[in-house]
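Enquirer: So that you have it, the file is target34.cif, and it contains mmCIF, C-alpha atoms:
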data_work
#
loop_
_atom_site.group_PDB
_atom_site.id
_atom_site.type_symbol
_atom_site.label_atom_id
_atom_site.label_comp_id
_atom_site.auth_asym_id
_atom_site.auth_seq_id
_atom_site.Cartn_x
_atom_site.Cartn_y
_atom_site.Cartn_z
ATOM 1 C CA MET A 60 0.000 0.000 0.000
ATOM 2 C CA LYS A 61 1.272 3.451 -0.917
ATOM 3 C CA ASP A 62 2.090 6.135 1.634
ATOM 4 C CA LEU A 63 0.102 9.330 1.554
ATOM 5 C CA ILE A 64 2.258 12.441 1.526
ATOM 6 C CA ILE A 65 0.830 15.908 0.971
ATOM 7 C CA LYS A 66 3.089 18.939 1.167
ATOM 8 C CA ALA A 67 2.103 21.802 3.437
ATOM 9 C CA THR A 68 0.845 25.077 2.036
ATOM 10 C CA LYS A 69 0.164 28.321 3.879
ATOM 11 C CA SER A 70 -3.362 27.197 4.719
ATOM 12 C CA THR A 71 -3.103 23.404 4.652
ATOM 13 C CA PRO A 72 -1.030 21.088 6.867
ATOM 14 C CA TYR A 73 1.692 18.585 6.022
ATOM 15 C CA ILE A 74 0.277 15.080 5.755
ATOM 16 C CA GLU A 75 2.417 11.984 6.154
ATOM 17 C CA PHE A 76 0.637 8.660 6.411
ATOM 18 C CA SER A 77 2.978 5.694 6.366
ATOM 19 C CA ALA A 78 1.536 2.216 5.885
ATOM 20 C CA LYS A 79 4.885 0.552 6.634
ATOM 21 C CA GLU A 80 5.537 2.423 9.869
ATOM 22 C CA HIS A 81 1.869 2.408 10.913
ATOM 23 C CA LYS A 82 2.173 6.102 11.592
ATOM 24 C CA MET A 83 -0.064 8.952 10.519
ATOM 25 C CA ARG A 84 0.890 12.549 10.968
ATOM 26 C CA ILE A 85 -0.878 15.861 10.348
ATOM 27 C CA LYS A 86 1.218 18.924 11.086
ATOM 28 C CA GLY A 87 0.743 22.639 10.517
ATOM 29 C CA GLU A 88 -2.118 25.025 9.947
ATOM 30 C CA SER A 89 -5.488 24.046 8.547
ATOM 31 C CA TYR A 90 -7.906 26.513 6.985
ATOM 32 C CA PRO A 91 -8.304 25.286 3.400
ATOM 33 C CA GLU A 92 -10.584 26.916 0.879
ATOM 34 C CA ASN A 93 -12.492 23.670 0.551
ATOM 35 C CA THR A 94 -11.867 21.625 3.673
ATOM 36 C CA TYR A 95 -13.793 18.507 2.662
ATOM 37 C CA GLU A 96 -12.098 18.308 -0.716
ATOM 38 C CA PHE A 97 -8.688 18.671 0.924
ATOM 39 C CA TYR A 98 -9.229 15.938 3.518
ATOM 40 C CA GLU A 99 -11.083 13.491 1.274
ATOM 41 C CA PRO A 100 -7.905 11.498 0.324
ATOM 42 C CA ILE A 101 -7.204 10.984 4.026
ATOM 43 C CA PHE A 102 -10.502 9.229 4.616
ATOM 44 C CA ARG A 103 -9.969 7.084 1.540
ATOM 45 C CA TRP A 104 -6.448 6.158 2.682
ATOM 46 C CA LEU A 105 -7.503 5.360 6.257
ATOM 47 C CA ASN A 106 -10.336 3.102 5.117
ATOM 48 C CA GLU A 107 -8.009 1.184 2.816
ATOM 49 C CA TYR A 108 -5.233 1.030 5.414
ATOM 50 C CA PHE A 109 -7.321 -0.410 8.229
ATOM 51 C CA LEU A 110 -8.902 -2.888 5.847
ATOM 52 C CA LYS A 111 -5.607 -4.187 4.428
ATOM 53 C CA ILE A 112 -2.897 -3.648 7.010
ATOM 54 C CA GLU A 113 -2.568 -5.561 10.234
ATOM 55 C CA SER A 114 -0.505 -3.942 12.955
ATOM 56 C CA SER A 115 -0.436 -4.497 16.702
ATOM 57 C CA ILE A 116 -0.473 -0.734 17.157
ATOM 58 C CA ASN A 117 -1.068 2.386 15.045
ATOM 59 C CA PHE A 118 -0.042 5.931 15.858
ATOM 60 C CA PHE A 119 -1.837 9.090 14.821
ATOM 61 C CA GLU A 120 -0.122 12.398 15.528
ATOM 62 C CA PHE A 121 -1.852 15.744 15.307
ATOM 63 C CA GLU A 122 0.380 18.769 15.582
ATOM 64 C CA ILE A 123 -1.937 21.546 14.528
ATOM 65 C CA ILE A 124 -1.057 25.141 15.333
ATOM 66 C CA TYR A 125 -4.316 26.578 14.044
ATOM 67 C CA PHE A 126 -7.429 25.145 12.427
ATOM 68 C CA ASN A 127 -10.685 26.710 11.280
ATOM 69 C CA SER A 128 -14.159 25.538 12.210
ATOM 70 C CA SER A 129 -14.694 23.326 9.174
ATOM 71 C CA SER A 130 -11.350 21.596 9.844
ATOM 72 C CA SER A 131 -12.464 20.874 13.399
ATOM 73 C CA LYS A 132 -15.558 19.177 11.968
ATOM 74 C CA VAL A 133 -13.298 17.052 9.733
ATOM 75 C CA PHE A 134 -11.047 16.160 12.697
ATOM 76 C CA MET A 135 -14.127 15.061 14.649
ATOM 77 C CA ASP A 136 -15.098 12.887 11.665
ATOM 78 C CA ILE A 137 -11.582 11.382 11.645
ATOM 79 C CA PHE A 138 -11.837 10.579 15.378
ATOM 80 C CA ASP A 139 -15.281 9.018 14.835
ATOM 81 C CA LEU A 140 -13.840 6.853 12.074
ATOM 82 C CA LEU A 141 -10.875 5.835 14.254
ATOM 83 C CA GLU A 142 -13.290 4.956 17.060
ATOM 84 C CA ARG A 143 -15.133 2.625 14.727
ATOM 85 C CA PHE A 144 -11.854 0.917 13.834
ATOM 86 C CA CYS A 145 -11.097 0.579 17.556
ATOM 87 C CA GLU A 146 -14.483 -1.068 18.036
ATOM 88 C CA SER A 147 -13.545 -3.609 15.386
ATOM 89 C CA GLY A 148 -10.372 -4.473 17.304
ATOM 90 C CA LYS A 149 -7.698 -2.112 15.977
ATOM 91 C CA LYS A 150 -5.333 -0.525 18.449
ATOM 92 C CA ILE A 151 -4.886 3.170 17.741
ATOM 93 C CA VAL A 152 -3.051 5.794 19.777
ATOM 94 C CA VAL A 153 -3.825 9.446 19.013
ATOM 95 C CA ASN A 154 -1.387 12.047 20.261
ATOM 96 C CA TRP A 155 -2.742 15.580 20.134
ATOM 97 C CA GLN A 156 0.402 17.684 20.363
ATOM 98 C CA TYR A 157 0.263 21.313 21.452
ATOM 99 C CA GLU A 158 2.677 24.045 22.410
ATOM 100 C CA SER A 159 2.271 25.365 25.944
ATOM 101 C CA GLU A 160 1.619 28.955 24.844
ATOM 102 C CA ASN A 161 -1.030 27.831 22.346
ATOM 103 C CA GLU A 162 -4.087 27.907 24.643
ATOM 104 C CA SER A 163 -6.674 27.228 21.979
ATOM 105 C CA SER A 164 -4.891 24.139 20.635
ATOM 106 C CA LEU A 165 -4.948 22.646 24.148
ATOM 107 C CA GLU A 166 -8.548 23.709 24.705
ATOM 108 C CA TYR A 167 -9.790 22.093 21.497
ATOM 109 C CA GLY A 168 -7.654 19.025 22.156
ATOM 110 C CA GLU A 169 -9.408 18.659 25.513
ATOM 111 C CA GLU A 170 -12.786 18.960 23.842
ATOM 112 C CA PHE A 171 -11.960 16.230 21.326
ATOM 113 C CA ALA A 172 -10.717 14.071 24.221
ATOM 114 C CA GLU A 173 -14.123 14.505 25.933
ATOM 115 C CA GLU A 174 -15.897 13.354 22.773
ATOM 116 C CA VAL A 175 -14.054 10.077 22.218
ATOM 117 C CA ASN A 176 -14.771 6.924 24.188
ATOM 118 C CA ILE A 177 -12.526 3.974 23.468
ATOM 119 C CA LEU A 178 -9.910 5.743 21.378
ATOM 120 C CA ASP A 179 -6.605 6.165 23.243
ATOM 121 C CA PHE A 180 -6.451 9.966 22.993
ATOM 122 C CA ASN A 181 -3.522 11.768 24.619
ATOM 123 C CA LEU A 182 -2.738 15.445 25.034
ATOM 124 C CA VAL A 183 1.001 15.887 24.649
ATOM 125 C CA GLU A 184 2.794 19.145 25.354
ATOM 126 C CA ILE A 185 5.740 19.760 23.032
ATOM 127 C CA MET B 241 -13.711 61.562 -6.486
ATOM 128 C CA LEU B 242 -10.122 62.713 -6.131
ATOM 129 C CA ASN B 243 -10.911 64.208 -2.715
ATOM 130 C CA ASN B 244 -13.028 61.295 -1.556
ATOM 131 C CA LEU B 245 -10.157 58.916 -0.936
ATOM 132 C CA TYR B 246 -8.548 61.265 1.575
ATOM 133 C CA ASN B 247 -11.892 61.671 3.333
ATOM 134 C CA LEU B 248 -12.314 57.900 3.399
ATOM 135 C CA LYS B 249 -8.829 57.484 4.899
ATOM 136 C CA ASN B 250 -9.629 60.048 7.605
ATOM 137 C CA THR B 251 -12.941 58.401 8.415
ATOM 138 C CA LEU B 252 -11.256 55.014 8.750
ATOM 139 C CA GLU B 253 -8.530 56.446 10.983
ATOM 140 C CA LYS B 254 -11.096 58.126 13.215
ATOM 141 C CA ASP B 255 -12.728 54.728 13.729
ATOM 142 C CA GLY B 256 -9.381 53.168 14.661
ATOM 143 C CA VAL B 257 -9.336 50.986 11.579
ATOM 144 C CA ILE B 258 -6.193 48.874 11.225
ATOM 145 C CA PHE B 259 -7.239 47.864 7.760
ATOM 146 C CA SER B 260 -10.331 47.622 5.650
ATOM 147 C CA PHE B 261 -10.699 45.618 2.488
ATOM 148 C CA SER B 262 -13.625 45.800 0.126
ATOM 149 C CA GLY B 263 -13.963 43.859 -3.100
ATOM 150 C CA VAL B 264 -13.150 40.336 -4.230
ATOM 151 C CA ILE B 265 -12.458 38.037 -1.293
ATOM 152 C CA THR B 266 -10.317 35.023 -2.125
ATOM 153 C CA GLN B 267 -8.320 32.446 -0.204
ATOM 154 C CA ASP B 268 -5.067 34.126 -1.300
ATOM 155 C CA ILE B 269 -6.239 37.481 0.031
ATOM 156 C CA LEU B 270 -7.262 35.808 3.288
ATOM 157 C CA ILE B 271 -3.803 34.236 3.664
ATOM 158 C CA ALA B 272 -1.953 37.482 2.941
ATOM 159 C CA LEU B 273 -4.109 39.777 5.078
ATOM 160 C CA GLY B 274 -4.365 37.246 7.901
ATOM 161 C CA LYS B 275 -0.602 37.038 8.245
ATOM 162 C CA GLU B 276 -0.205 40.826 8.360
ATOM 163 C CA LEU B 277 -3.085 41.134 10.800
ATOM 164 C CA LYS B 278 -1.527 38.671 13.228
ATOM 165 C CA ASN B 279 1.832 40.455 13.049
ATOM 166 C CA THR B 280 0.247 43.876 13.548
ATOM 167 C CA VAL B 281 -1.793 42.804 16.573
ATOM 168 C CA MET B 282 1.222 41.114 18.160
ATOM 169 C CA ILE B 283 3.184 44.372 18.228
ATOM 170 C CA LYS B 284 0.855 45.706 20.931
ATOM 171 C CA SER B 285 -1.040 42.703 22.274
ATOM 172 C CA LYS B 286 -0.557 39.173 23.569
ATOM 173 C CA LEU B 287 -0.218 36.119 21.337
ATOM 174 C CA SER B 288 -3.556 34.787 22.641
ATOM 175 C CA THR B 289 -5.317 37.988 21.502
ATOM 176 C CA ALA B 290 -3.670 37.782 18.079
ATOM 177 C CA THR B 291 -4.725 34.136 17.775
ATOM 178 C CA LYS B 292 -8.353 34.938 18.631
ATOM 179 C CA ILE B 293 -8.436 37.789 16.137
ATOM 180 C CA PHE B 294 -6.879 35.606 13.446
ATOM 181 C CA SER B 295 -9.468 32.858 14.077
ATOM 182 C CA ILE B 296 -12.391 35.253 13.770
ATOM 183 C CA PHE B 297 -10.835 36.846 10.694
ATOM 184 C CA VAL B 298 -10.570 33.457 8.949
ATOM 185 C CA GLU B 299 -14.186 32.562 9.788
ATOM 186 C CA GLN B 300 -15.439 35.947 8.589
ATOM 187 C CA MET B 301 -13.467 35.862 5.320
ATOM 188 C CA GLN B 302 -14.497 32.271 4.601
ATOM 189 C CA ASN B 303 -18.090 33.123 5.410
ATOM 190 C CA ILE B 304 -17.922 35.681 2.609
ATOM 191 C CA THR B 305 -16.221 33.337 0.139
ATOM 192 C CA LYS B 306 -18.838 30.652 0.834
ATOM 193 C CA TYR B 307 -22.020 32.621 1.294
ATOM 194 C CA SER B 308 -21.843 36.033 -0.343
ATOM 195 C CA ASP B 309 -24.522 36.340 -2.999
ATOM 196 C CA GLU B 310 -22.496 38.916 -4.872
ATOM 197 C CA LYS B 311 -20.284 36.831 -7.130
ATOM 198 C CA ILE B 312 -18.551 36.874 -10.479
ATOM 199 C CA SER B 313 -17.532 33.857 -12.521
ATOM 200 C CA LYS B 314 -13.893 33.421 -13.416
ATOM 201 C CA HIS B 315 -12.350 30.309 -15.020
ATOM 202 C CA GLU B 316 -15.259 28.118 -13.897
ATOM 203 C CA ASN B 317 -14.841 29.396 -10.350
ATOM 204 C CA GLU B 318 -17.045 31.831 -8.569
ATOM 205 C CA ILE B 319 -15.421 34.722 -6.783
ATOM 206 C CA SER B 320 -17.238 36.398 -3.930
ATOM 207 C CA PHE B 321 -17.455 40.063 -3.008
ATOM 208 C CA GLY B 322 -17.561 41.440 0.489
ATOM 209 C CA ILE B 323 -15.989 43.837 2.939
ATOM 210 C CA VAL B 324 -13.927 43.268 6.090
ATOM 211 C CA THR B 325 -12.776 45.828 8.601
ATOM 212 C CA VAL B 326 -10.483 45.333 11.566
ATOM 213 C CA GLY B 327 -9.895 48.056 14.099
ATOM 214 C CA TYR B 328 -9.026 49.034 17.616
ATOM 215 C CA SER B 329 -11.380 51.132 19.717
ATOM 216 C CA LYS B 330 -9.423 53.351 22.126
ATOM 217 C CA ASN B 331 -12.573 54.139 24.120
ATOM 218 C CA ASP B 332 -13.313 50.496 24.862
ATOM 219 C CA ASN B 333 -9.713 49.201 24.763
ATOM 220 C CA SER B 334 -10.815 46.433 22.487
ATOM 221 C CA TYR B 335 -10.378 45.169 18.966
ATOM 222 C CA TYR B 336 -13.292 44.784 16.611
ATOM 223 C CA LEU B 337 -13.767 42.796 13.401
ATOM 224 C CA MET B 338 -16.607 43.401 11.017
ATOM 225 C CA CYS B 339 -17.508 41.654 7.816
ATOM 226 C CA GLY B 340 -20.321 42.246 5.401
ATOM 227 C CA ASN B 341 -21.732 40.897 2.176
ATOM 228 C CA ILE B 342 -24.852 40.913 0.086
ATOM 229 C CA ILE B 343 -27.317 38.110 0.715
ATOM 230 C CA ASP B 344 -30.439 36.955 -1.052
ATOM 231 C CA LYS B 345 -33.406 38.136 1.024
ATOM 232 C CA THR B 346 -34.760 34.600 1.278
ATOM 233 C CA LYS B 347 -31.833 33.766 3.610
ATOM 234 C CA THR B 348 -32.703 36.456 6.137
ATOM 235 C CA ASN B 349 -34.717 34.239 8.462
ATOM 236 C CA SER B 350 -32.320 31.324 8.594
ATOM 237 C CA ILE B 351 -29.327 33.606 9.277
ATOM 238 C CA SER B 352 -31.229 35.571 11.948
ATOM 239 C CA GLU B 353 -32.360 32.370 13.623
ATOM 240 C CA LYS B 354 -28.805 31.021 13.806
ATOM 241 C CA LEU B 355 -27.312 34.248 15.140
ATOM 242 C CA ASN B 356 -30.102 35.102 17.594
ATOM 243 C CA ARG B 357 -29.607 31.701 19.162
ATOM 244 C CA ILE B 358 -25.875 32.109 19.751
ATOM 245 C CA LYS B 359 -25.404 35.825 20.344
ATOM 246 C CA ASN B 360 -26.711 35.684 23.916
ATOM 247 C CA MET B 361 -25.091 32.397 24.900
ATOM 248 C CA ASN B 362 -22.382 32.395 27.563
ATOM 249 C CA SER B 363 -19.089 30.579 26.980
ATOM 250 C CA ASP B 364 -20.259 27.272 28.504
ATOM 251 C CA GLU B 365 -23.433 27.285 26.427
ATOM 252 C CA LEU B 366 -21.406 28.057 23.310
ATOM 253 C CA LYS B 367 -19.046 25.205 24.056
ATOM 254 C CA GLU B 368 -21.938 22.752 24.488
ATOM 255 C CA TYR B 369 -23.645 23.992 21.329
ATOM 256 C CA TYR B 370 -20.380 23.706 19.387
ATOM 257 C CA LYS B 371 -19.936 20.127 20.592
ATOM 258 C CA LYS B 372 -23.484 19.297 19.583
ATOM 259 C CA LYS B 373 -23.118 20.812 16.090
ATOM 260 C CA ILE B 374 -19.736 19.180 15.432
ATOM 261 C CA LYS B 375 -21.408 15.774 15.774
ATOM 262 C CA GLU B 376 -24.153 16.616 13.296
ATOM 263 C CA ASN B 377 -24.001 16.043 9.581
ATOM 264 C CA MET B 378 -22.999 18.840 7.257
ATOM 265 C CA ASP B 379 -25.426 21.140 5.496
ATOM 266 C CA LYS B 380 -26.940 19.579 2.418
ATOM 267 C CA ASP B 381 -24.742 21.814 0.213
ATOM 268 C CA GLY B 382 -21.746 20.026 1.739
ATOM 269 C CA LYS B 383 -19.960 23.323 2.253
ATOM 270 C CA SER B 384 -20.519 23.936 5.872
ATOM 271 C CA ALA B 385 -20.670 22.309 9.251
ATOM 272 C CA GLY B 386 -22.488 25.354 10.598
ATOM 273 C CA LEU B 387 -19.729 26.046 13.087
ATOM 274 C CA GLY B 388 -18.400 29.357 11.735
ATOM 275 C CA PHE B 389 -20.748 31.696 13.618
ATOM 276 C CA ILE B 390 -20.323 29.697 16.835
ATOM 277 C CA GLU B 391 -16.548 29.877 16.485
ATOM 278 C CA MET B 392 -16.754 33.672 15.986
ATOM 279 C CA ALA B 393 -18.868 33.924 19.146
ATOM 280 C CA ARG B 394 -16.542 31.677 21.144
ATOM 281 C CA LYS B 395 -13.485 33.722 20.278
ATOM 282 C CA SER B 396 -15.095 37.129 20.921
ATOM 283 C CA GLN B 397 -16.502 38.947 23.938
ATOM 284 C CA LYS B 398 -19.525 40.099 22.016
ATOM 285 C CA LEU B 399 -21.072 39.268 18.674
ATOM 286 C CA ASP B 400 -23.837 41.169 16.950
ATOM 287 C CA TYR B 401 -25.281 41.428 13.465
ATOM 288 C CA ILE B 402 -27.601 43.484 11.330
ATOM 289 C CA ILE B 403 -29.373 42.760 8.056
ATOM 290 C CA THR B 404 -30.241 45.855 6.038
ATOM 291 C CA SER B 405 -32.612 45.786 3.103
ATOM 292 C CA ILE B 406 -31.115 46.958 -0.217
ATOM 293 C CA ASP B 407 -33.976 46.296 -2.641
ATOM 294 C CA SER B 408 -36.720 43.732 -3.198
ATOM 295 C CA LYS B 409 -34.229 40.947 -3.841
ATOM 296 C CA ASN B 410 -31.127 41.657 -1.762
ATOM 297 C CA SER B 411 -30.042 42.643 1.725
ATOM 298 C CA PHE B 412 -26.693 43.520 3.266
ATOM 299 C CA PHE B 413 -25.555 41.306 6.106
ATOM 300 C CA THR B 414 -23.051 42.632 8.665
ATOM 301 C CA ILE B 415 -21.474 40.789 11.598
ATOM 302 C CA LYS B 416 -19.505 42.616 14.267
ATOM 303 C CA THR B 417 -17.345 40.944 16.880
ATOM 304 C CA ILE B 418 -15.505 42.579 19.757
ATOM 305 C CA ILE B 419 -12.367 41.063 21.229
#
Could you take the file, read its structure, and then write that structure out as structure tokens?
Expert:
Amino acid sequence: MKDLIIKATKSTPYIEFSAKEHKMRIKGESYPENTYEFYEPIFRWLNEYFLKIESSINFFEFEIIYFNSSSSKVFMDIFDLLERFCESGKKIVVNWQYESENESSLEYGEEFAEEVNILDFNLVEI
Amino acid sequence: MLNNLYNLKNTLEKDGVIFSFSGVITQDILIALGKELKNTVMIKSKLSTATKIFSIFVEQMQNITKYSDEKISKHENEISFGIVTVGYSKNDNSYYLMCGNIIDKTKTNSISEKLNRIKNMNSDELKEYYKKKIKENMDKDGKSAGLGFIEMARKSQKLDYIITSIDSKNSFFTIKTII
């Protein structure tokens, strides 16, 4: 299975999803012109990955400095999808990384953490 | 007309305007102005204030690009028109952000309903409402999760709006936030 790499732009984050390393990473700022269009390949990749690839553990790293409201909806959809994979037996660790001076990144990370149930969701200060 | 620009500049300065932009609103303009706005605010204010202002600015600009009913077609894309104004009020020691665009009159009720609901909510109520909306499905146009206004309210101390009739078909929709 191919990795998914998308270069960062001024309003979209860097995406690095590695099937071999079982690691998914989203890093940067997220306020695309069309959020759903931008994130659509991610959903496609994740569905294929969890269908085809067996791994004892999978890591998902979010290191988002800023995101707009439609990106937060997409992130919630990603967490919902990951929860469903957890329910079907996958082990997934989500690390929501934030810088200490970035209050809103921590605040929204906490809110996502409140919304997930079985997903291993960690807030990690960097 | 030659004199008007100077008058306009003076009027803007009197209102404490940091910048005002009227015309085509695109993603590129949002990126460029947003960066300058953040830098300008950070000269005098804390990073957390600059971040709040930037967040509201993005939501306001993207509200125009998505929902303005004044548009032109260019290379199969539609480009929206609107106006944004960011300023600092010395009397109130606070920043303000305003955005405005033309809307089809038929949208008046649905916009008013949305904003009346959130404009009097306190921060806990806004948080709960945000968490409820984020779990819902998107609008049927697939463009929006309906979170933009809530996000503007969450990041500001006060949010208000006005819809002014232009003619039988159109109105002008203005949102003001104070930070």
Enquirer: Report as a compact mmCIF listing (two decimals) with C-alpha atoms, in the coordinates of the input all protein, DNA and RNA residues lying within 12 Å of Ser352 (chain B), evaluated on all atoms listed in the file, omitting residues in the same chain fewer than 4 positions from it.
Expert:
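What landed in part_36.txt:
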# COMPACT_ATOMS: atom_id res chain seq x y z
CA LYS B 345 -33.41 38.14 1.02
CA THR B 346 -34.76 34.60 1.28
CA LYS B 347 -31.83 33.77 3.61
CA THR B 348 -32.70 36.46 6.14
CA ASN B 356 -30.10 35.10 17.59
CA ARG B 357 -29.61 31.70 19.16
CA ILE B 358 -25.88 32.11 19.75
CA LYS B 359 -25.40 35.83 20.34
CA PHE B 389 -20.75 31.70 13.62
CA ASP B 400 -23.84 41.17 16.95
CA TYR B 401 -25.28 41.43 13.46
CA ILE B 402 -27.60 43.48 11.33
CA ILE B 403 -29.37 42.76 8.06
CA THR B 404 -30.24 45.86 6.04
CA PHE B 413 -25.56 41.31 6.11
CA THR B 414 -23.05 42.63 8.66
CA ILE B 415 -21.47 40.79 11.60
Enquirer: Set the distance at 10 Å and use only C-alpha atoms: which residues neighbour Asn127 (chain A) once local chain neighbours fewer than 5 positions away are removed? I'd like the list as an MDAnalysis selection string.
Expert: (chainID A and resid 70 88:91 94 132) or (chainID B and resid 294:296 298:299 302 387:388 391)
Enquirer: Using Å and a single decimal, report how far CA of Cys339 (chain B) sits from CA of Thr417 (chain B).
Expert: 9.1 Å
Enquirer: For Glu173 (chain A), work out the shell of residues within 12 Å, counting all atoms listed in the file and skipping chain neighbours fewer than 4 positions away, then give it as a PyMOL selection string.
Expert: (chain A and resi 135+138+166-169+177-182) or (chain B and resi 367-368+371)
Enquirer: One number please: CA of Ile269 (chain B) to CA of Leu337 (chain B), in Å, one decimal.
Expert: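 One can read the CA of Ile269 (chain B) to CA of Leu337 (chain B) distance as 16.2 Å.
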